[in-house]
$ cat protein_33.cif   # mmCIF, C-alpha atoms
data_my_file
#
loop_
_atom_site.label_atom_id
_atom_site.label_comp_id
_atom_site.auth_asym_id
_atom_site.auth_seq_id
_atom_site.Cartn_x
_atom_site.Cartn_y
_atom_site.Cartn_z
CA MET A 1 5.35 -12.95 33.41
CA PRO A 2 7.99 -15.64 33.95
CA MET A 3 11.08 -15.24 31.81
CA ARG A 4 10.42 -18.50 29.98
CA SER A 5 7.03 -17.27 28.76
CA ARG A 6 8.62 -14.00 27.60
CA LEU A 7 11.27 -15.67 25.48
CA PRO A 8 9.14 -16.10 22.30
CA GLY A 9 8.17 -12.44 22.35
CA LEU A 10 11.76 -11.37 22.95
CA ALA A 11 12.90 -13.61 20.11
CA ASP A 12 10.34 -11.98 17.79
CA ALA A 13 11.49 -8.52 18.87
CA ALA A 14 15.11 -9.46 18.17
CA ILE A 15 14.13 -10.76 14.72
CA ALA A 16 12.21 -7.56 13.99
CA VAL A 17 15.21 -5.43 14.96
CA ALA A 18 17.48 -7.57 12.78
CA MET A 19 15.12 -7.32 9.80
CA ALA A 20 14.86 -3.55 10.33
CA GLY A 21 18.65 -3.43 10.22
CA VAL A 22 18.64 -5.39 6.96
CA LEU A 23 16.07 -3.01 5.47
CA TYR A 24 17.98 0.04 6.65
CA TYR A 25 21.28 -1.25 5.27
CA LEU A 26 19.89 -2.27 1.88
CA ALA A 27 17.99 0.99 1.43
CA LEU A 28 20.27 3.64 2.89
CA ARG A 29 23.82 2.34 2.39
CA VAL A 30 23.98 4.41 -0.81
CA ARG A 31 22.87 8.04 -0.75
CA LEU A 32 20.13 8.31 -3.39
CA TRP A 33 16.77 9.58 -2.07
CA GLU A 34 16.06 11.70 -5.17
CA ASP A 35 12.42 12.51 -4.41
CA PHE A 36 13.25 13.53 -0.86
CA TYR A 37 15.67 16.22 -2.03
CA VAL A 38 13.23 17.46 -4.67
CA GLU A 39 9.96 17.34 -2.72
CA SER A 40 10.60 17.31 1.04
CA ALA A 41 14.06 18.77 1.61
CA PRO A 42 13.01 22.46 1.53
CA ALA A 43 10.41 21.86 4.24
CA VAL A 44 12.78 19.73 6.34
CA ARG A 45 15.52 22.38 6.11
CA ALA A 46 13.05 24.95 7.42
CA LEU A 47 12.06 22.59 10.25
CA ILE A 48 15.70 22.06 11.26
CA ALA A 49 16.25 25.83 11.21
CA GLY A 50 13.23 26.37 13.47
CA ARG A 51 11.11 28.16 10.86
CA LEU A 52 7.82 26.39 11.54
CA HIS A 53 5.64 28.50 9.24
CA SER A 54 8.02 27.96 6.32
CA PHE A 55 8.03 24.24 7.09
CA LEU A 56 4.24 24.10 6.88
CA THR A 57 4.15 26.26 3.76
CA LEU A 58 6.79 24.24 1.90
CA ALA A 59 5.51 20.80 2.93
CA PRO A 60 4.64 18.51 -0.02
CA VAL A 61 1.25 16.92 -0.59
CA TYR A 62 2.13 14.21 1.96
CA GLY A 63 3.09 16.80 4.56
CA GLY A 64 1.19 14.95 7.27
CA SER A 65 3.93 12.33 7.28
CA LEU A 66 6.56 15.01 7.86
CA LEU A 67 4.60 16.21 10.88
CA LEU A 68 4.53 12.70 12.33
CA GLN A 69 8.26 12.31 11.66
CA ALA A 70 9.10 15.80 12.94
CA PRO A 71 10.65 14.80 16.33
CA ALA A 72 12.86 12.15 14.68
CA SER A 73 13.79 14.55 11.85
CA LEU A 74 14.73 17.27 14.32
CA LEU A 75 16.95 14.87 16.26
CA GLY A 76 18.62 13.62 13.09
CA GLY A 77 19.01 17.14 11.76
CA ALA A 78 20.73 18.26 14.95
CA ILE A 79 23.19 15.36 14.65
CA ALA A 80 23.93 15.18 10.90
CA GLY A 81 22.00 17.88 9.06
CA LEU A 82 19.60 17.08 6.23
CA ASP A 83 20.93 13.55 5.67
CA GLY A 84 20.53 12.79 9.36
CA ALA A 85 16.97 14.11 9.29
CA TYR A 86 16.10 11.72 6.47
CA ARG A 87 17.77 8.76 8.14
CA PHE A 88 16.10 9.33 11.51
CA GLY A 89 12.72 9.98 9.88
CA SER A 90 13.12 6.72 7.98
CA LEU A 91 13.86 4.92 11.24
CA PHE A 92 10.60 6.27 12.65
CA CYS A 93 8.67 4.82 9.69
CA ILE A 94 10.53 1.50 9.94
CA GLY A 95 9.64 1.41 13.64
CA ALA A 96 5.94 1.66 12.80
CA LEU A 97 6.34 -1.24 10.37
CA CYS A 98 8.14 -3.31 13.02
CA ALA A 99 5.29 -2.64 15.46
CA LEU A 100 2.82 -4.09 12.95
CA ALA A 101 5.11 -7.07 12.32
CA LEU A 102 5.29 -7.80 16.06
CA CYS A 103 1.49 -7.65 16.33
CA LEU A 104 1.23 -10.21 13.54
CA ALA A 105 3.91 -12.35 15.20
CA ARG A 106 1.88 -12.28 18.40
CA LEU A 107 -1.09 -13.67 16.50
CA GLN A 108 1.17 -16.40 15.19
CA ARG A 109 2.33 -17.25 18.71
CA ALA A 110 -1.30 -17.49 19.81
CA ASP A 111 -1.82 -20.02 17.00
CA GLY A 112 1.16 -22.05 18.16
CA ARG A 113 3.43 -21.14 15.24
CA ARG A 114 7.09 -21.96 15.78
CA LEU A 115 10.01 -19.58 15.44
CA PRO A 116 10.85 -20.31 11.74
CA ALA A 117 7.30 -19.41 10.64
CA ARG A 118 7.40 -16.20 12.66
CA LEU A 119 10.83 -15.34 11.28
CA LEU A 120 9.50 -15.71 7.73
CA ALA A 121 6.49 -13.53 8.51
CA ILE A 122 8.57 -10.74 10.06
CA ALA A 123 11.06 -10.89 7.19
CA VAL A 124 8.35 -10.61 4.53
CA VAL A 125 6.70 -7.70 6.35
CA VAL A 126 9.80 -5.69 7.31
CA ALA A 127 12.68 -6.58 4.95
CA ASN A 128 10.56 -6.38 1.82
CA PRO A 129 12.26 -5.29 -1.43
CA ALA A 130 9.39 -2.92 -2.23
CA ALA A 131 9.86 -1.23 1.17
CA SER A 132 13.58 -0.98 0.47
CA TRP A 133 12.93 0.88 -2.77
CA ALA A 134 10.51 3.25 -1.05
CA LEU A 135 13.40 4.35 1.17
CA LYS A 136 15.91 4.41 -1.70
CA GLU A 137 13.72 6.74 -3.75
CA GLY A 138 13.01 9.08 -0.86
CA HIS A 139 9.53 8.00 0.26
CA PRO A 140 9.63 6.59 3.80
CA GLU A 141 6.09 7.88 4.27
CA GLU A 142 4.93 5.06 1.97
CA ILE A 143 5.99 2.55 4.63
CA LEU A 144 4.34 4.54 7.42
CA ALA A 145 1.04 4.91 5.56
CA ALA A 146 0.98 1.21 4.64
CA ALA A 147 1.58 0.17 8.25
CA MET A 148 -1.17 2.45 9.55
CA CYS A 149 -3.62 1.46 6.80
CA VAL A 150 -3.21 -2.30 7.29
CA GLY A 151 -3.03 -1.93 11.07
CA GLY A 152 -6.23 0.11 11.05
CA MET A 153 -8.08 -2.53 9.05
CA LEU A 154 -6.85 -5.25 11.42
CA LEU A 155 -8.11 -3.25 14.41
CA LEU A 156 -11.46 -2.73 12.68
CA LEU A 157 -11.90 -6.44 12.08
CA ARG A 158 -11.15 -7.08 15.76
CA GLY A 159 -13.88 -4.66 16.86
CA ARG A 160 -11.63 -1.72 17.78
CA VAL A 161 -13.61 0.79 15.72
CA SER A 162 -12.38 4.02 17.33
CA ALA A 163 -8.69 3.11 17.17
CA ALA A 164 -9.11 1.83 13.61
CA ALA A 165 -10.83 5.02 12.46
CA ILE A 166 -8.13 7.23 13.96
CA LEU A 167 -5.34 5.15 12.42
CA LEU A 168 -6.96 5.09 8.97
CA GLY A 169 -7.61 8.82 9.12
CA LEU A 170 -3.95 9.47 9.95
CA ALA A 171 -2.96 7.18 7.08
CA VAL A 172 -5.01 9.27 4.64
CA ALA A 173 -3.31 12.47 5.79
CA THR A 174 0.06 10.72 5.58
CA LYS A 175 -0.36 9.49 1.99
CA GLN A 176 -3.46 10.14 -0.08
CA TRP A 177 -3.69 6.64 -1.60
CA ALA A 178 -4.91 5.42 1.82
CA LEU A 179 -8.22 7.05 0.90
CA LEU A 180 -8.86 3.90 -1.16
CA ALA A 181 -9.26 1.89 2.06
CA LEU A 182 -12.06 4.06 3.46
CA PRO A 183 -15.02 2.77 1.38
CA LEU A 184 -14.26 -0.82 2.33
CA ALA A 185 -13.59 0.11 5.96
CA PHE A 186 -16.90 1.99 6.05
CA VAL A 187 -18.71 -1.14 4.85
CA ALA A 188 -16.83 -3.35 7.32
CA ALA A 189 -17.70 -1.09 10.28
CA ALA A 190 -21.24 -2.48 10.44
CA GLY A 191 -23.30 -0.81 13.16
CA GLU A 192 -20.56 1.74 13.91
CA ARG A 193 -20.37 3.56 10.60
CA LEU A 194 -21.27 7.00 11.92
CA ARG A 195 -18.65 6.86 14.69
CA PHE A 196 -16.09 5.49 12.24
CA SER A 197 -16.75 8.27 9.71
CA ILE A 198 -16.55 11.05 12.30
CA LEU A 199 -13.33 9.81 13.89
CA ALA A 200 -11.60 9.02 10.58
CA GLY A 201 -12.50 12.41 9.12
CA ALA A 202 -11.50 14.26 12.28
CA SER A 203 -8.11 12.57 12.60
CA ALA A 204 -7.29 13.17 8.93
CA ALA A 205 -8.37 16.82 9.17
CA LEU A 206 -6.42 17.35 12.38
CA LEU A 207 -3.16 16.15 10.83
CA ALA A 208 -3.71 18.03 7.55
CA ALA A 209 -4.98 21.26 9.17
CA PRO A 210 -1.57 22.89 9.89
CA MET A 211 -0.52 22.75 6.22
CA ALA A 212 -3.97 23.88 5.05
CA LEU A 213 -3.96 26.86 7.40
CA ALA A 214 -0.41 27.85 6.44
CA ASN A 215 -1.01 27.76 2.66
CA ALA A 216 -4.51 26.65 1.65
CA GLY A 217 -4.03 27.47 -2.03
CA ARG A 218 -0.97 25.26 -2.39
CA VAL A 219 -2.65 22.36 -0.58
CA ILE A 220 -5.69 22.56 -2.86
CA ALA A 221 -3.57 22.81 -6.01
CA THR A 222 -1.30 19.88 -5.12
CA ASN A 223 -4.20 17.62 -4.16
CA ARG A 224 -6.03 18.55 -7.35
CA GLY A 225 -2.92 17.63 -9.32
CA LEU A 226 -3.18 14.05 -8.02
CA SER A 227 -6.27 13.49 -10.17
CA ALA A 228 -4.23 13.57 -13.41
CA SER A 229 -1.12 11.73 -14.64
CA PRO A 230 0.04 13.66 -17.70
CA ASP A 231 3.77 12.84 -17.73
CA ILE A 232 5.01 9.68 -16.04
CA PHE A 233 4.18 6.46 -17.88
CA HIS A 234 5.75 3.15 -16.83
CA PRO A 235 5.23 -0.21 -18.54
CA GLN A 236 4.02 -2.13 -15.45
CA GLN A 237 0.30 -1.28 -15.82
CA ILE A 238 -2.68 -2.12 -17.99
CA TRP A 239 -2.58 1.12 -20.04
CA TRP A 240 0.84 0.51 -21.61
CA ALA A 241 -0.60 -0.34 -25.04
CA LEU A 242 -2.26 3.11 -25.12
CA HIS A 243 0.89 5.21 -24.93
CA LEU A 244 1.80 7.68 -27.63
CA TYR A 245 4.65 6.61 -29.91
CA TYR A 246 6.80 9.66 -29.42
CA MET A 247 8.93 10.75 -26.52
CA ARG A 248 8.20 13.87 -24.52
CA PRO A 249 10.39 15.60 -21.90
CA LEU A 250 9.48 14.66 -18.34
CA GLY A 251 9.47 17.52 -15.88
CA GLY A 252 9.00 20.38 -18.34
CA PRO A 253 10.16 21.48 -21.79
CA THR A 254 13.76 22.01 -20.61
CA SER A 255 14.10 18.51 -19.15
CA THR A 256 16.72 16.17 -20.59
CA ILE A 257 14.85 13.04 -19.45
CA PHE A 258 12.44 11.65 -22.03
CA GLY A 259 9.79 8.95 -21.86
CA PRO A 260 6.60 7.69 -23.49
CA SER A 261 3.46 9.74 -23.05
CA PRO A 262 -0.06 8.49 -22.15
CA VAL A 263 -3.04 9.24 -24.35
CA ALA A 264 -5.40 11.94 -23.12
CA PHE A 265 -7.97 9.54 -21.66
CA VAL A 266 -5.39 7.73 -19.54
CA ALA A 267 -3.77 10.97 -18.42
CA GLY A 268 -7.05 12.52 -17.32
CA TYR A 269 -9.14 9.64 -16.02
CA SER A 270 -6.89 6.82 -14.77
CA HIS A 271 -6.62 8.18 -11.21
CA PRO A 272 -10.37 8.89 -10.82
CA LEU A 273 -11.00 5.39 -12.19
CA ILE A 274 -8.89 3.95 -9.36
CA VAL A 275 -11.13 5.64 -6.79
CA LEU A 276 -14.23 4.42 -8.62
CA CYS A 277 -12.92 0.84 -8.57
CA ALA A 278 -12.31 1.08 -4.81
CA VAL A 279 -15.93 2.17 -4.32
CA LEU A 280 -17.30 -0.53 -6.62
CA LEU A 281 -15.30 -3.27 -4.90
CA ALA A 282 -16.56 -2.07 -1.51
CA LEU A 283 -20.14 -2.21 -2.83
CA ALA A 284 -19.51 -5.73 -4.16
CA TYR A 285 -18.27 -6.77 -0.72
CA TRP A 286 -21.36 -5.18 0.89
CA SER A 287 -23.68 -7.00 -1.53
CA ARG A 288 -22.15 -10.33 -0.44
CA ARG A 289 -22.19 -9.45 3.28
CA ARG A 290 -24.34 -12.48 4.20
CA ARG A 291 -21.93 -14.91 2.54
CA VAL A 292 -18.55 -13.45 3.44
CA GLU A 293 -16.65 -13.32 6.71
CA PRO A 294 -15.52 -9.98 8.19
CA SER A 295 -11.90 -11.09 7.73
CA ASP A 296 -12.48 -11.31 3.97
CA ALA A 297 -12.35 -7.51 3.96
CA LEU A 298 -8.59 -7.71 4.49
CA LEU A 299 -8.14 -9.69 1.27
CA MET A 300 -10.51 -7.32 -0.53
CA LEU A 301 -8.33 -4.41 0.63
CA ALA A 302 -5.28 -6.18 -0.81
CA LEU A 303 -7.19 -6.45 -4.09
CA VAL A 304 -8.07 -2.74 -4.01
CA LEU A 305 -4.41 -1.85 -3.49
CA LEU A 306 -3.29 -4.16 -6.32
CA VAL A 307 -5.90 -2.68 -8.67
CA ARG A 308 -4.55 0.74 -7.79
CA CYS A 309 -1.10 -0.36 -8.96
CA MET A 310 -2.37 -1.90 -12.20
CA LEU A 311 -4.43 1.17 -13.13
CA ASP A 312 -1.84 3.79 -12.20
CA PRO A 313 0.35 4.99 -15.12
CA TRP A 314 2.89 6.16 -12.51
CA ASN A 315 3.24 2.62 -11.14
CA VAL A 316 6.64 2.08 -9.50
CA ILE A 317 7.97 -0.71 -7.34
CA TYR A 318 7.18 0.81 -3.95
CA TYR A 319 3.52 1.33 -4.92
CA GLN A 320 3.20 -2.46 -4.53
CA PHE A 321 4.25 -2.46 -0.87
CA PRO A 322 0.81 -1.70 0.65
CA PHE A 323 -0.68 -4.56 -1.38
CA LEU A 324 2.09 -6.95 -0.30
CA LEU A 325 1.77 -5.93 3.34
CA CYS A 326 -2.01 -6.37 3.30
CA LEU A 327 -1.71 -9.77 1.63
CA ALA A 328 0.80 -10.91 4.27
CA ALA A 329 -1.48 -9.67 7.07
CA TRP A 330 -4.42 -11.58 5.57
CA GLU A 331 -2.44 -14.81 5.40
CA ILE A 332 -1.17 -14.45 8.97
CA ALA A 333 -4.25 -13.10 10.73
CA THR A 334 -7.00 -14.84 8.74
CA ARG A 335 -5.59 -17.95 7.11
CA ARG A 336 -3.40 -18.71 10.15
CA ARG A 337 -0.36 -19.66 8.10
CA ALA A 338 3.01 -18.34 7.01
CA PRO A 339 2.76 -15.59 4.33
CA LEU A 340 3.86 -17.78 1.44
CA LEU A 341 1.67 -15.99 -1.12
CA ALA A 342 3.05 -12.63 -0.01
CA LEU A 343 6.57 -14.03 -0.31
CA LEU A 344 5.85 -15.24 -3.86
CA ALA A 345 4.23 -11.93 -4.80
CA SER A 346 7.21 -10.00 -3.40
CA GLY A 347 9.54 -11.99 -5.62
CA LEU A 348 7.37 -11.39 -8.68
CA VAL A 349 7.22 -7.66 -7.92
CA TRP A 350 10.99 -7.46 -7.64
CA LEU A 351 11.42 -9.35 -10.91
CA SER A 352 8.89 -7.10 -12.67
CA PHE A 353 10.57 -3.85 -11.70
CA ARG A 354 14.25 -4.77 -11.58
CA PRO A 355 15.79 -7.49 -13.82
CA VAL A 356 12.85 -7.85 -16.24
CA ASN A 357 12.36 -4.10 -16.51
CA LEU A 358 16.05 -3.39 -17.00
CA GLY A 359 16.69 -6.24 -19.44
CA SER A 360 13.55 -6.20 -21.60
CA SER A 361 11.52 -3.89 -23.77
CA GLY A 362 8.54 -2.03 -22.39
CA ASP A 363 6.14 -4.46 -24.08
CA ALA A 364 7.86 -7.51 -22.55
CA THR A 365 7.94 -5.89 -19.12
CA ASP A 366 4.24 -5.06 -19.35
CA LEU A 367 3.42 -8.62 -20.41
CA PHE A 368 5.41 -10.15 -17.55
CA TYR A 369 3.75 -7.87 -14.97
CA LEU A 370 0.21 -8.49 -16.19
CA THR A 371 0.82 -12.24 -16.54
CA TRP A 372 0.89 -12.59 -12.76
CA ALA A 373 -0.98 -9.46 -11.59
CA LEU A 374 -4.24 -10.03 -13.50
CA PRO A 375 -4.71 -13.68 -12.41
CA ALA A 376 -3.81 -12.69 -8.85
CA ALA A 377 -6.46 -9.96 -8.89
CA LEU A 378 -9.12 -12.34 -10.24
CA LEU A 379 -8.29 -14.99 -7.63
CA MET A 380 -8.46 -12.44 -4.82
CA LEU A 381 -11.80 -11.17 -6.12
CA TRP A 382 -13.23 -14.70 -6.21
CA ARG A 383 -11.88 -15.57 -2.75
CA SER A 384 -12.78 -12.32 -0.98
CA LEU A 385 -16.39 -12.43 -2.25
CA ARG A 386 -16.62 -16.24 -1.81
CA LEU A 387 -18.06 -16.57 -5.28
CA PRO A 388 -19.37 -20.05 -6.19
CA ARG A 389 -17.41 -22.24 -8.53
CA PRO A 390 -18.95 -22.87 -11.95
CA ARG A 391 -20.76 -26.23 -12.11
CA PRO A 392 -21.56 -27.04 -15.75
CA LEU A 393 -23.09 -30.47 -15.02
CA ASP A 394 -25.74 -28.91 -12.79
CA ALA A 395 -26.63 -26.52 -15.58
CA ILE A 396 -26.97 -29.45 -17.98
CA ARG A 397 -29.25 -31.34 -15.61
CA ARG A 398 -31.56 -28.34 -15.43
CA LEU A 399 -32.20 -28.51 -19.19
CA PRO A 400 -35.53 -29.93 -20.44
CA HIS A 401 -35.55 -33.72 -20.10
CA ASP A 402 -35.66 -34.56 -23.77
CA ARG A 403 -33.67 -37.41 -25.16
CA GLY A 404 -30.69 -35.33 -26.25
CA ALA A 405 -30.34 -33.50 -22.94
CA ALA A 406 -30.61 -36.73 -20.95
CA ALA A 407 -27.94 -38.37 -23.06
CA LEU A 408 -25.68 -35.33 -22.63
CA ALA A 409 -26.18 -35.40 -18.87
CA ARG A 410 -25.30 -39.08 -18.71
CA ARG A 411 -22.05 -38.36 -20.50
#
$ encode --input "protein_33.cif" --output "structure tokens"
Amino acid sequence: MPMRSRLPGLADAAIAVAMAGVLYYLALRVRLWEDFYVESAPAVRALIAGRLHSFLTLAPVYGGSLLLQAPASLLGGAIAGLDGAYRFGSLFCIGALCALALCLARLQRADGRRLPARLLAIAVVVANPAASWALKEGHPEEILAAAMCVGGMLLLLRGRVSAAAILLGLAVATKQWALLALPLAFVAAAGERLRFSILAGASAALLAAPMALANAGRVIATNRGLSASPDIFHPQQIWWALHLYYMRPLGGPTSTIFGPSPVAFVAGYSHPLIVLCAVLLALAYWSRRRRVEPSDALLMLALVLLVRCMLDPWNVIYYQFPFLLCLAAWEIATRRRAPLLALLASGLVWLSFRPVNLGSSGDATDLFYLTWALPAALLMLWRSLRLPRPRPLDAIRRLPHDRGAAALARR
């Protein structure tokens, strides 16, 4: 290609690298990464030391992500030990996010979007505050799973069923919340559902198999533990009013960190309810299949991921990133515009979990979060299913034509 025709793509790549640098600086300039040292560090230490069986045995429930990051983690570990392994593994996950951002920017170029619109799109996708907090708290796999999940749905809507199935299957093995995308993807893969199911299941099983073979009992126990949420209870969710009014130690009876406790129903059934909602929303999309467009599935997926956040008592800021990324992809790939709604939602998410959460009571934080999250969910439900607008005058005209009804209709 002539150099002049390559310039827009090179400019987008430069922007993506710059935004990745911003994300990396904001997230990793201070050494925090608490969950990494608690959950993943033992496995990564074993990997750096060359003890592969110990690595597979000690891997956390999202061990598939550590397998995908293994080459980068080994390189970083050889250079700077455990900290280097985390930094290089994070760069691998950021690279996957940049690849998705460049694909979306290419769609924008095909629509004739100028550089400022593409810069905004790449910035919202890559340098997102929710993504920054995923890295700060030690969960780069959240970024990787979100990129693969949204990228897989985009491929599916463009007719690339095999590639989409493989990517979504890998996303499930990377982070288990990606399972919520499978019912909707199964519905969207019309005519290719058997092939989609086989490839998605095979790719997920292939990535999860090494950990399962190394320690099947631990894998089963940790995955079973995901179905309950007995301890962590944050105010940014719909169950906040149902918490118990006494504080319990988080992390065991010897813990010095205390927090509110959920009631038994919320602790035992909130996570299964999230899966049920994902299935019900997929069925609702299927029931409207003659009235919706295939691209509406992307907005429905954003709704599923937002509902997951609202129903999860563990809800933290980086849980919102898959929803924000999917919303941005829908605006760019379907609505053919800059991701202004995703930008607004990113700001509201940051406000909900940082200044409002730190400066207000739990009740005020919960109210602020639900004030924007619930209307957003209802609007996405209406738009993704293309539900008709209420028309009260038509209903009045269908009443019996007596004198009172006729007079009311004339009014």
$ closest_residue --input "protein_33.cif" --among "A:Pro42, A:Tyr269, A:Leu157, A:Tyr369" --to "A:Ser54" --atoms "all atoms listed in the file"
A:Pro42
$ closest_residue --input "protein_33.cif" --among "A:Val22, A:Leu119, A:Leu156, A:Ala72" --to "A:Leu182" --atoms "only C-alpha atoms"
A:Leu156
$ resolve_selection --input "protein_33.cif" --expression "the PyMOL selection byres ((chain A and resi 374-376) around 12)" --output "ChimeraX atom specification"
/A:236-238,299-300,302-304,306-307,309-311,323-324,327,341-342,344-345,348,366-373,377-384
$ closest_residue --input "protein_33.cif" --among "A:Gly159, A:Pro183, A:Pro8, A:Gly63" --to "A:Pro294" --atoms "only C-alpha atoms"
A:Gly159
$ residues_around --input "protein_33.cif" --residues "stretch 99-111 of chain A" --least-positions-apart "3" --cutoff "8 Å" --atoms "all atoms listed in the file" --output "PyMOL selection string"
chain A and resi 8-9+12-13+16+95-96+114+118+121-122+125-126+147+151+329+332-333+336-337
$ residues_around --input "protein_33.cif" --residues "stretch 217-231 of chain A" --least-positions-apart "6" --cutoff "7 Å" --atoms "only C-alpha atoms" --output "PyMOL selection string"
chain A and resi 61+250+261-262+267-269+271-272+313
$ resolve_selection --input "protein_33.cif" --expression "the PyMOL selection byres ((chain A and resi 137) around 7)" --output "list in words"
Leu32, Trp33, Glu34, Asp35, Trp133, Ala134, Leu135, Lys136, Gly138 and His139 of chain A
$ atom_distance --input "protein_33.cif" --atom1 "atom CA of A:Phe353" --atom2 "atom CA of A:Ala85"
28.4 Å
$ atom_distance --input "protein_33.cif" --atom1 "atom CA of A:Gly76" --atom2 "atom CA of A:Leu325"
27.6 Å
$ resolve_selection --input "protein_33.cif" --expression "the PyMOL selection byres ((chain A and resi 190) around 12)" --output "list in words"
Leu156, Leu157, Gly159, Val161, Leu184, Ala185, Phe186, Val187, Ala188, Ala189, Gly191, Glu192, Arg193, Leu194, Arg195, Phe196, Ser197, Trp286, Arg289 and Pro294 of chain A
$ atom_distance --input "protein_33.cif" --atom1 "atom CA of A:Thr57" --atom2 "atom CA of A:Leu91"
24.6 Å
